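Everything on this sheet refers to the single structure shown next.
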Amino acid sequence: MKKKSRDVQTISVYLGASPGKNPLYAEKVKELGCWIGKNGFDLVYGGSKIGLMGMLAESALEAGAYVTGVEPQFFIDSVLQLDKLDELIVTKTMAERKAKIIELADIFIAFPGGTGTLEEISEIMSAISLKLIDGVCIVYNLNGYYDHLEALLDHMTEEGLVLPENRNKIHFCRTLPEIASVIESGT
Ligand code: AMP
């Protein structure tokens with residue numbers, strides 16, 4: 001049985017509960033999960049077995065990561081949780097789940113996903129701007145998936161509604177090596 005270590009950095013990944021149409025998402029999410037495990041990080045995520053979420057957790061577990069799922073009771077009632085997780089934390093609401101994931105993680109990555117993913121990573125961007133958390137915020141801009149979000153944030157900054165210093169804390173990375181170097185720099 002694996003044990004969670006206090007000295008290890010924990011990565012939270014927000015991502016689609018669907019698999020998406022392009023097989024690239026499955027390929028790259030498995031690569032990300034494997035990379036998390038091989039590089040000695042722990043993973044915390046939404047806890048589900050479906051879509052890209054399940055693929056990420058399975059590959060991270062296989063690569064040796066300690067994987068924590070944080071799942072609201074109503075998803076457990078629908079039997080959506082991945083059974084082989086190292087740890088499953090059950091919350092009452094989605095809001096509690098998001099707060100718990102933020103509490104547990106040091107690094108926040110948005111992989112391609114839908115509105116759930118967008119909501120989760122927006123909360124991180126806002127919390128970092130407000131200095132409520134000081135984690136690393138990374139948007140995995142795989143295949144340009146988040147180009148429009150990047151352009152929107154640049155527009156907000158140009159219009160003076162996002163401070164440049166806060167914009168600079170949101171890292172858009174197209175590749176895993178780019179993600180690794182942002183994490184290494186710890187910004
Ligand atoms: P989406 O990006 O809309 O597919 O939503 C995925 C994100 O929202 C995940 O990071 C989850 O935390 C949450 N979420 C949305 N739908 C589900 C679901 N059916 N099971 C678990 N989590 C979900």
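All residue names refer to the structure tokens as shown: chains lettered A, B, ... in order, residues numbered from 1 in each chain, ligands numbered from 1 in order.
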Quick one: contact table of range 9-84 of chain A to range 121-131 of chain A, 10 Å max, nearest atom pair and distance in Å to one decimal per residue, counting only C-alpha atoms, chain and number order, as CSV?
residue,atom,partner,partner_atom,distance
A:Val13,CA,A:Ile121,CA,9.3
A:Tyr14,CA,A:Ile121,CA,7.1
A:Leu15,CA,A:Ile121,CA,9.5
Output the selection as a CSV table (one decimal), in the first residue's frame - all heavy atoms for each residue.
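Written out: result09.csv:
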chain,number,residue,atom,x,y,z
A,13,VAL,N,-5.0,18.2,-11.5
A,13,VAL,CA,-5.3,18.3,-12.9
A,13,VAL,C,-6.8,18.4,-13.0
A,13,VAL,O,-7.5,17.6,-12.5
A,13,VAL,CB,-4.7,17.2,-13.7
A,13,VAL,CG1,-5.0,17.4,-15.2
A,13,VAL,CG2,-3.2,17.0,-13.5
A,14,TYR,N,-7.2,19.5,-13.7
A,14,TYR,CA,-8.6,19.7,-14.1
A,14,TYR,C,-8.7,19.3,-15.6
A,14,TYR,O,-7.9,19.7,-16.4
A,14,TYR,CB,-9.0,21.1,-13.9
A,14,TYR,CG,-8.8,21.6,-12.5
A,14,TYR,CD1,-7.8,22.6,-12.2
A,14,TYR,CD2,-9.5,21.1,-11.4
A,14,TYR,CE1,-7.6,23.1,-10.9
A,14,TYR,CE2,-9.3,21.6,-10.1
A,14,TYR,CZ,-8.3,22.5,-9.9
A,14,TYR,OH,-8.1,23.0,-8.6
A,15,LEU,N,-9.7,18.5,-15.9
A,15,LEU,CA,-9.8,18.0,-17.3
A,15,LEU,C,-11.2,17.4,-17.6
A,15,LEU,O,-12.0,17.2,-16.7
A,15,LEU,CB,-8.7,17.0,-17.5
A,15,LEU,CG,-8.8,15.6,-16.9
A,15,LEU,CD1,-7.7,14.8,-17.4
A,15,LEU,CD2,-8.8,15.6,-15.4
So that I can see what lies close to Gln81 in chain A, please list as a PyMOL selection string the residues with an atom at most 12 Å from it, counting only C-alpha atoms and leaving out residues fewer than 5 positions away in the same chain. chain A and resi 17+45-51+53-54+57+68-76+87-90
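Between CA of Pro23 in chain A and CA of Tyr145 in chain A the separation is 13.7 Å.
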Residues at most 12 Å from Ser185 in chain A, counting only C-alpha atoms, excluding those fewer than 4 positions away in the same chain, as number ranges by chain? A: 107, 136, 169, 171, 178-181
Keeping all heavy atoms for every residue in the selection just given, could you write it to a file as an mmCIF file, in the first residue's frame?
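So the final result, stored in out35.cif, reads:
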data_model
loop_
_atom_site.group_PDB
_atom_site.id
_atom_site.type_symbol
_atom_site.label_atom_id
_atom_site.label_comp_id
_atom_site.auth_asym_id
_atom_site.auth_seq_id
_atom_site.Cartn_x
_atom_site.Cartn_y
_atom_site.Cartn_z
ATOM 1 N N ILE A 107 0.390 22.679 -7.331
ATOM 2 C CA ILE A 107 0.524 23.006 -8.752
ATOM 3 C C ILE A 107 -0.828 22.687 -9.399
ATOM 4 O O ILE A 107 -1.401 21.625 -9.138
ATOM 5 C CB ILE A 107 1.630 22.137 -9.392
ATOM 6 C CG1 ILE A 107 2.980 22.448 -8.751
ATOM 7 C CG2 ILE A 107 1.673 22.301 -10.912
ATOM 8 C CD1 ILE A 107 3.998 21.329 -8.896
ATOM 9 N N VAL A 136 1.284 27.207 -8.529
ATOM 10 C CA VAL A 136 1.665 27.410 -9.930
ATOM 11 C C VAL A 136 0.443 27.077 -10.803
ATOM 12 O O VAL A 136 -0.162 26.010 -10.649
ATOM 13 C CB VAL A 136 2.855 26.482 -10.296
ATOM 14 C CG1 VAL A 136 3.211 26.621 -11.765
ATOM 15 C CG2 VAL A 136 4.057 26.789 -9.409
ATOM 16 N N LYS A 169 1.342 35.208 -14.148
ATOM 17 C CA LYS A 169 1.313 34.007 -13.292
ATOM 18 C C LYS A 169 0.511 32.869 -13.913
ATOM 19 O O LYS A 169 0.383 31.799 -13.328
ATOM 20 C CB LYS A 169 0.723 34.363 -11.920
ATOM 21 C CG LYS A 169 1.641 35.259 -11.105
ATOM 22 C CD LYS A 169 0.997 35.621 -9.788
ATOM 23 C CE LYS A 169 1.793 36.694 -9.065
ATOM 24 N NZ LYS A 169 0.985 37.401 -8.065
ATOM 25 N N HIS A 171 0.462 30.360 -16.896
ATOM 26 C CA HIS A 171 1.402 29.854 -17.906
ATOM 27 C C HIS A 171 0.684 28.986 -18.930
ATOM 28 O O HIS A 171 0.075 27.975 -18.565
ATOM 29 C CB HIS A 171 2.497 29.031 -17.232
ATOM 30 C CG HIS A 171 3.249 29.797 -16.194
ATOM 31 N ND1 HIS A 171 4.322 30.605 -16.488
ATOM 32 C CD2 HIS A 171 3.058 29.909 -14.856
ATOM 33 C CE1 HIS A 171 4.773 31.169 -15.389
ATOM 34 N NE2 HIS A 171 4.020 30.759 -14.377
ATOM 35 N N GLU A 178 7.673 21.924 -21.603
ATOM 36 C CA GLU A 178 7.415 23.321 -21.190
ATOM 37 C C GLU A 178 6.783 23.343 -19.796
ATOM 38 O O GLU A 178 7.117 24.185 -18.964
ATOM 39 C CB GLU A 178 6.435 23.997 -22.155
ATOM 40 C CG GLU A 178 7.070 24.579 -23.396
ATOM 41 C CD GLU A 178 6.019 25.244 -24.291
ATOM 42 O OE1 GLU A 178 5.265 26.106 -23.812
ATOM 43 O OE2 GLU A 178 5.946 24.856 -25.466
ATOM 44 N N ILE A 179 5.861 22.413 -19.569
ATOM 45 C CA ILE A 179 5.215 22.324 -18.243
ATOM 46 C C ILE A 179 6.272 22.019 -17.183
ATOM 47 O O ILE A 179 6.316 22.646 -16.122
ATOM 48 C CB ILE A 179 4.109 21.237 -18.256
ATOM 49 C CG1 ILE A 179 2.946 21.704 -19.127
ATOM 50 C CG2 ILE A 179 3.636 20.897 -16.845
ATOM 51 C CD1 ILE A 179 1.836 20.680 -19.322
ATOM 52 N N ALA A 180 7.149 21.064 -17.507
ATOM 53 C CA ALA A 180 8.205 20.683 -16.555
ATOM 54 C C ALA A 180 9.066 21.887 -16.213
ATOM 55 O O ALA A 180 9.433 22.090 -15.049
ATOM 56 C CB ALA A 180 9.051 19.556 -17.150
ATOM 57 N N SER A 181 9.392 22.722 -17.217
ATOM 58 C CA SER A 181 10.294 23.827 -16.909
ATOM 59 C C SER A 181 9.578 24.913 -16.099
ATOM 60 O O SER A 181 10.196 25.541 -15.232
ATOM 61 C CB SER A 181 10.992 24.344 -18.177
ATOM 62 O OG SER A 181 10.275 25.355 -18.764
#
Could you write out, as a PyMOL selection string, all the residues of chain A that DSSP marks as alpha helix (DSSP H)? chain A and resi 23-38+51-62+73-77+94-104+115-129+147-158+164-167+176-185
Residue with the minimum atom-to-atom distance to Asn141 in chain A, picked from A:Ile102, A:Met156, A:Val162, A:Cys173 with only C-alpha atoms counted, is A:Cys173
Could you check how far CA of Gly37 in chain A sits from CA of Gln9 in chain A, in Å to one decimal?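 Taking CA of Gly37 in chain A as the start and CA of Gln9 in chain A as the end point, the length is 11.3 Å.
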With distances taken over only C-alpha atoms and all ligand atoms, which residue among A:Leu118, A:Val8, A:Leu85, A:Leu61 lies nearest ligand 1?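 The shortest atom-to-atom distance to ligand 1 comes from A:Leu118.
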A:Asn39, A:Ser12, A:Asn22, A:Ser78 ranked by distance to Phe111 in chain A, top pick (using only C-alpha atoms):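 Selected residue with least distance to Phe111 in chain A: A:Ser12.
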What does the distance from atom 16 (N, counted along the ligand's line) of ligand 1 to CA of Gly16 in chain A come to in Å, to one decimal?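 Computing it gives 7.4 Å between the two atoms.
Of the residues under consideration (A:Asp77, A:Glu119, A:Glu96, A:Glu62), A:Glu119 shows the shortest atom-to-atom contact distance to ligand 1 when counting only C-alpha atoms and all ligand atoms.
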Identify which of the residues A:Leu153, A:Ala110, A:Leu161, A:Val67 lies closest to Thr10 in chain A, counting only C-alpha atoms when measuring atom-to-atom distances. A:Val67
Please return, as a ChimeraX atom specification, all residues of range 30-183 of chain A that DSSP assigns to strand (DSSP E or B) on the basis of the backbone. /A:42-45,48,67-72,81,87-91,107-110,136-140,170-173
Could you please take those selected residues and save N, CA and C atoms as a PDB file, in the first residue's frame?
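Listing of part.pdb after writing:
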ATOM      1  N   ASP A  42       2.625  13.643  -6.522  1.00  0.00           N
ATOM      2  CA  ASP A  42       1.321  13.078  -6.198  1.00  0.00           C
ATOM      3  C   ASP A  42       0.293  13.753  -7.100  1.00  0.00           C
ATOM      4  N   LEU A  43      -0.837  13.070  -7.281  1.00  0.00           N
ATOM      5  CA  LEU A  43      -1.921  13.642  -8.101  1.00  0.00           C
ATOM      6  C   LEU A  43      -3.177  13.778  -7.253  1.00  0.00           C
ATOM      7  N   VAL A  44      -3.845  14.909  -7.384  1.00  0.00           N
ATOM      8  CA  VAL A  44      -5.199  15.033  -6.834  1.00  0.00           C
ATOM      9  C   VAL A  44      -6.083  15.479  -7.990  1.00  0.00           C
ATOM     10  N   TYR A  45      -7.255  14.886  -8.083  1.00  0.00           N
ATOM     11  CA  TYR A  45      -8.181  15.241  -9.166  1.00  0.00           C
ATOM     12  C   TYR A  45      -9.606  14.917  -8.719  1.00  0.00           C
ATOM     13  N   SER A  48     -13.161  10.768 -10.674  1.00  0.00           N
ATOM     14  CA  SER A  48     -14.045   9.961 -11.528  1.00  0.00           C
ATOM     15  C   SER A  48     -13.273   9.011 -12.427  1.00  0.00           C
ATOM     16  N   VAL A  67      -2.445   8.756  -5.719  1.00  0.00           N
ATOM     17  CA  VAL A  67      -3.561   9.470  -6.365  1.00  0.00           C
ATOM     18  C   VAL A  67      -4.741   9.617  -5.403  1.00  0.00           C
ATOM     19  N   THR A  68      -5.119  10.880  -5.184  1.00  0.00           N
ATOM     20  CA  THR A  68      -6.279  11.188  -4.341  1.00  0.00           C
ATOM     21  C   THR A  68      -7.409  11.692  -5.230  1.00  0.00           C
ATOM     22  N   GLY A  69      -8.583  11.140  -5.049  1.00  0.00           N
ATOM     23  CA  GLY A  69      -9.767  11.640  -5.742  1.00  0.00           C
ATOM     24  C   GLY A  69     -10.644  12.390  -4.758  1.00  0.00           C
ATOM     25  N   VAL A  70     -11.210  13.507  -5.191  1.00  0.00           N
ATOM     26  CA  VAL A  70     -12.122  14.271  -4.334  1.00  0.00           C
ATOM     27  C   VAL A  70     -13.462  14.338  -5.066  1.00  0.00           C
ATOM     28  N   GLU A  71     -14.414  13.604  -4.538  1.00  0.00           N
ATOM     29  CA  GLU A  71     -15.650  13.365  -5.301  1.00  0.00           C
ATOM     30  C   GLU A  71     -16.878  13.716  -4.456  1.00  0.00           C
ATOM     31  N   PRO A  72     -17.791  14.513  -4.980  1.00  0.00           N
ATOM     32  CA  PRO A  72     -19.031  14.770  -4.240  1.00  0.00           C
ATOM     33  C   PRO A  72     -19.870  13.496  -4.128  1.00  0.00           C
ATOM     34  N   GLN A  81     -16.994   7.048  -9.292  1.00  0.00           N
ATOM     35  CA  GLN A  81     -15.629   7.105  -8.744  1.00  0.00           C
ATOM     36  C   GLN A  81     -14.753   5.952  -9.244  1.00  0.00           C
ATOM     37  N   GLU A  87      -6.643   7.139  -2.322  1.00  0.00           N
ATOM     38  CA  GLU A  87      -7.452   7.820  -1.316  1.00  0.00           C
ATOM     39  C   GLU A  87      -8.660   8.459  -2.003  1.00  0.00           C
ATOM     40  N   LEU A  88      -9.819   8.314  -1.394  1.00  0.00           N
ATOM     41  CA  LEU A  88     -11.029   8.954  -1.933  1.00  0.00           C
ATOM     42  C   LEU A  88     -11.622   9.841  -0.845  1.00  0.00           C
ATOM     43  N   ILE A  89     -11.702  11.132  -1.135  1.00  0.00           N
ATOM     44  CA  ILE A  89     -12.294  12.068  -0.184  1.00  0.00           C
ATOM     45  C   ILE A  89     -13.684  12.429  -0.709  1.00  0.00           C
ATOM     46  N   VAL A  90     -14.689  12.232   0.133  1.00  0.00           N
ATOM     47  CA  VAL A  90     -16.067  12.475  -0.300  1.00  0.00           C
ATOM     48  C   VAL A  90     -16.541  13.817   0.255  1.00  0.00           C
ATOM     49  N   THR A  91     -17.075  14.655  -0.629  1.00  0.00           N
ATOM     50  CA  THR A  91     -17.585  15.959  -0.196  1.00  0.00           C
ATOM     51  C   THR A  91     -19.097  16.010  -0.423  1.00  0.00           C
ATOM     52  N   ILE A 107       0.390  22.679  -7.331  1.00  0.00           N
ATOM     53  CA  ILE A 107       0.524  23.006  -8.752  1.00  0.00           C
ATOM     54  C   ILE A 107      -0.828  22.687  -9.399  1.00  0.00           C
ATOM     55  N   PHE A 108      -1.333  23.598 -10.231  1.00  0.00           N
ATOM     56  CA  PHE A 108      -2.666  23.431 -10.819  1.00  0.00           C
ATOM     57  C   PHE A 108      -2.548  23.429 -12.344  1.00  0.00           C
ATOM     58  N   ILE A 109      -2.993  22.351 -12.951  1.00  0.00           N
ATOM     59  CA  ILE A 109      -2.892  22.237 -14.413  1.00  0.00           C
ATOM     60  C   ILE A 109      -4.289  22.041 -15.005  1.00  0.00           C
ATOM     61  N   ALA A 110      -4.623  22.824 -16.028  1.00  0.00           N
ATOM     62  CA  ALA A 110      -5.857  22.561 -16.788  1.00  0.00           C
ATOM     63  C   ALA A 110      -5.466  21.861 -18.080  1.00  0.00           C
ATOM     64  N   VAL A 136       1.284  27.207  -8.529  1.00  0.00           N
ATOM     65  CA  VAL A 136       1.665  27.410  -9.930  1.00  0.00           C
ATOM     66  C   VAL A 136       0.443  27.077 -10.803  1.00  0.00           C
ATOM     67  N   CYS A 137       0.084  27.989 -11.698  1.00  0.00           N
ATOM     68  CA  CYS A 137      -1.095  27.800 -12.561  1.00  0.00           C
ATOM     69  C   CYS A 137      -0.673  27.584 -14.018  1.00  0.00           C
ATOM     70  N   ILE A 138      -0.991  26.406 -14.538  1.00  0.00           N
ATOM     71  CA  ILE A 138      -0.563  26.046 -15.892  1.00  0.00           C
ATOM     72  C   ILE A 138      -1.774  25.639 -16.726  1.00  0.00           C
ATOM     73  N   VAL A 139      -1.871  26.206 -17.915  1.00  0.00           N
ATOM     74  CA  VAL A 139      -2.897  25.780 -18.866  1.00  0.00           C
ATOM     75  C   VAL A 139      -2.179  24.976 -19.950  1.00  0.00           C
ATOM     76  N   TYR A 140      -2.538  23.705 -20.050  1.00  0.00           N
ATOM     77  CA  TYR A 140      -1.900  22.818 -21.038  1.00  0.00           C
ATOM     78  C   TYR A 140      -2.593  23.081 -22.377  1.00  0.00           C
ATOM     79  N   ILE A 170      -0.079  33.113 -15.096  1.00  0.00           N
ATOM     80  CA  ILE A 170      -0.845  32.061 -15.789  1.00  0.00           C
ATOM     81  C   ILE A 170      -0.004  31.599 -16.976  1.00  0.00           C
ATOM     82  N   HIS A 171       0.462  30.360 -16.896  1.00  0.00           N
ATOM     83  CA  HIS A 171       1.402  29.854 -17.906  1.00  0.00           C
ATOM     84  C   HIS A 171       0.684  28.986 -18.930  1.00  0.00           C
ATOM     85  N   PHE A 172       0.765  29.361 -20.180  1.00  0.00           N
ATOM     86  CA  PHE A 172       0.200  28.535 -21.259  1.00  0.00           C
ATOM     87  C   PHE A 172       1.344  27.713 -21.851  1.00  0.00           C
ATOM     88  N   CYS A 173       1.242  26.397 -21.764  1.00  0.00           N
ATOM     89  CA  CYS A 173       2.314  25.510 -22.234  1.00  0.00           C
ATOM     90  C   CYS A 173       1.753  24.560 -23.292  1.00  0.00           C
TER      91      CYS A 173
END
